[in-house]
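Single-structure report; data block below.
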There are 2 protein chains.
Amino acid sequence: MSYYDVKSIEAKKPAAGVEMRVVSGERMMMVFFAMKTGAEVPEHAHPHEQMGTVIKGSVELTIGQETQKVSQGGAYLIPSGVTHRAKCLENGTEVLDIFSPPREEYR
Amino acid sequence: MSYYDVKSIEAKKPAAGVEMRVVSGERMMMVFFAMKTGAEVPEHAHPHEQMGTVIKGSVELTIGQETQKVSQGGAYLIPSGVTHRAKCLENGTEVLDIFSPPREEYR
């Protein structure tokens with residue numbers, strides 16, 4: 001299958017106020033997050049390289065020791081093994097995270 | 001560097017009506033495309049796996065033998081080696097393509 005309507009993908013709910021919809025390839029995975037104000041992804045790290053962009057709304061991100069507000073049109077890179085956390089700053093926020101390799105636990 | 005303001009990244013202009021802004025990691029690369037109506041990426045293929053999403057506007061995509069209009073909120077997966085082409089259907093279209101491995105010629 002080559003084409004996806006993201007809204008129609010069945011959502012997982014990994015935390016309060018967080019929905020995720022996954023599209024996976026062989027070498028990388030897209031995870032579309034929809035978040036509500038105050039929803040949090042607590043500090044964690046993983047061997048997968050992560051990049052992402054804010055499609056709508058804004059989040060407060062901490063990557064390593066550096067915290068920034070990232071809004072629509074912002075992007076970020078989280079190298080393998082670097083700790084990071086996220087907090088949603090407004091309802092209706094949409095974030096796309098991509099991982100390589102794919103995160104098997106999200107398939 | 002962990003954070004990027006996509007608009008402030010220097011744009012390359014690979015074709016008429018197409019601007020691209022690149023953020024690259026070790027294992028994957030994000031390429032943010034801004035396109036005008038009628039701008040085209042002619043049919044091509046590459047060994048890199050490609051995935052993407054339409055952030056704003058719409059494009060007509062052909063992946064292998066299948067052509068679809070992809071609008072905001074649509075996503076796609078182009079496996080390694082599969083031919084594909086794109087044509088922009090409206091001004092102000094923004095598309096995010098991701099590649100793994102990174103495309104060295106875009107760095």
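Every chain in the structure tokens takes a letter, A first, then B, and so on in the order presented; its residues are numbered from 1, and the ligands are numbered from 1 following the presented order.
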
| query | If we count only C-alpha atoms, what is near A:Ser58 at a cut-off of 8 Å, once residues fewer than 3 positions away on the same chain are taken out, given as an NGL selection string? | reply | :A and (54 or 69-72 or 88-90 or 93)

Proximity check chain B to chain A, 6 Å, nearest pairs one decimal Å, only C-alpha atoms, as a Markdown table:
| residue | atom | partner | partner_atom | distance |
| --- | --- | --- | --- | --- |
| B:Ser2 | CA | A:Leu77 | CA | 5.0 |
| B:Tyr3 | CA | A:Tyr76 | CA | 4.4 |
| B:Tyr4 | CA | A:Ala75 | CA | 5.0 |
| B:Asp5 | CA | A:Gly74 | CA | 4.8 |
| B:Val6 | CA | A:Gly74 | CA | 5.8 |
| B:Gly73 | CA | A:Val6 | CA | 5.8 |
| B:Gly74 | CA | A:Asp5 | CA | 4.8 |
| B:Ala75 | CA | A:Tyr4 | CA | 5.0 |
| B:Tyr76 | CA | A:Tyr3 | CA | 4.5 |
| B:Leu77 | CA | A:Ser2 | CA | 4.9 |

Can I get the selection written as a tab-separated table (two decimals), in the first residue's frame, with N, CA and C atoms?
chain	number	residue	atom	x	y	z
B	2	SER	N	20.18	20.96	17.30
B	2	SER	CA	18.98	20.14	17.48
B	2	SER	C	17.71	20.75	16.92
B	3	TYR	N	17.67	22.10	16.84
B	3	TYR	CA	16.42	22.78	16.48
B	3	TYR	C	16.59	23.58	15.18
B	4	TYR	N	15.54	23.61	14.39
B	4	TYR	CA	15.59	24.28	13.09
B	4	TYR	C	14.31	25.07	12.87
B	5	ASP	N	14.45	26.28	12.32
B	5	ASP	CA	13.31	27.03	11.81
B	5	ASP	C	13.34	26.80	10.29
B	6	VAL	N	12.40	26.00	9.80
B	6	VAL	CA	12.50	25.53	8.42
B	6	VAL	C	12.58	26.71	7.44
B	73	GLY	N	-2.79	16.22	5.07
B	73	GLY	CA	-3.23	15.09	5.89
B	73	GLY	C	-3.07	13.75	5.19
B	74	GLY	N	-2.59	13.76	3.97
B	74	GLY	CA	-2.31	12.51	3.27
B	74	GLY	C	-0.84	12.15	3.40
B	75	ALA	N	-0.56	10.86	3.32
B	75	ALA	CA	0.82	10.38	3.44
B	75	ALA	C	1.06	9.29	2.41
B	76	TYR	N	2.33	8.96	2.19
B	76	TYR	CA	2.66	7.97	1.17
B	76	TYR	C	3.99	7.32	1.51
B	77	LEU	N	4.16	6.15	0.92
B	77	LEU	CA	5.38	5.34	1.12
B	77	LEU	C	5.86	4.91	-0.25

| If you count only C-alpha atoms, which residues fall within 7 Å of A:Glu43, apart from same-chain ones fewer than 5 positions away, as a PyMOL selection string? | chain A and resi 83-85

File of the preceding selection, C-alpha atoms, as a compact mmCIF listing (two decimals), in the first residue's frame:
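Generated output (result28.txt):
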# COMPACT_ATOMS: atom_id res chain seq x y z
CA THR A 83 17.36 11.93 26.12
CA HIS A 84 14.33 14.03 25.23
CA ARG A 85 10.89 14.98 26.47

| query | Which parts of chain B does DSSP call strand (DSSP E) when run on the backbone here, written out as a ChimeraX atom specification? | reply | /B:3-5,12-15,18-24,29-35,40-44,49-56,58-63,66-71,74-78,84-88,93-100

| request: Quote the spacing between atom CA of B:Pro47 and atom CA of B:Ala11 in Å to one decimal place. | output: 24.2 Å

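Among the candidates A:Gly57, A:Ala45, A:Tyr106, A:Val95, the residue lying nearest to A:Val18 is A:Val95 (atoms considered: only C-alpha atoms).
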
| message | My list of candidates is B:Ala86, B:Glu60, B:Gly17, B:Glu10. Which is closest to B:Pro42 when distances are computed with only C-alpha atoms? | response |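 Selected residue with least distance to B:Pro42: B:Ala86.
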
| task | Rounded to one decimal place, report the atom CA of B:Gly81-atom CA of B:His46 distance in Å. | result |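 Value for the atom CA of B:Gly81-atom CA of B:His46 distance: 5.1 Å.
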
| request: Using DSSP on the backbone coordinates, identify the residues of chain B assigned to helix (DSSP H, G or I); present them as an MDAnalysis selection string. | output: chainID B and resid 6:8 104:106

| message | Ranking A:Asp97, A:Val82, A:Val22, A:Pro14 by minimum distance to A:Val41 and counting only C-alpha atoms, which one comes first? | response | A:Pro14

| field | atom CA of B:Val59 to atom CA of A:Met20, straight-line distance in Å | value |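 The value is 24.5 Å.
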
| message | With distances taken over only C-alpha atoms, which residue among B:Asn91, B:Val31, B:Ile9, B:Glu40 lies nearest B:Arg103? | response |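 Under the stated criterion, the closest residue is B:Val31.
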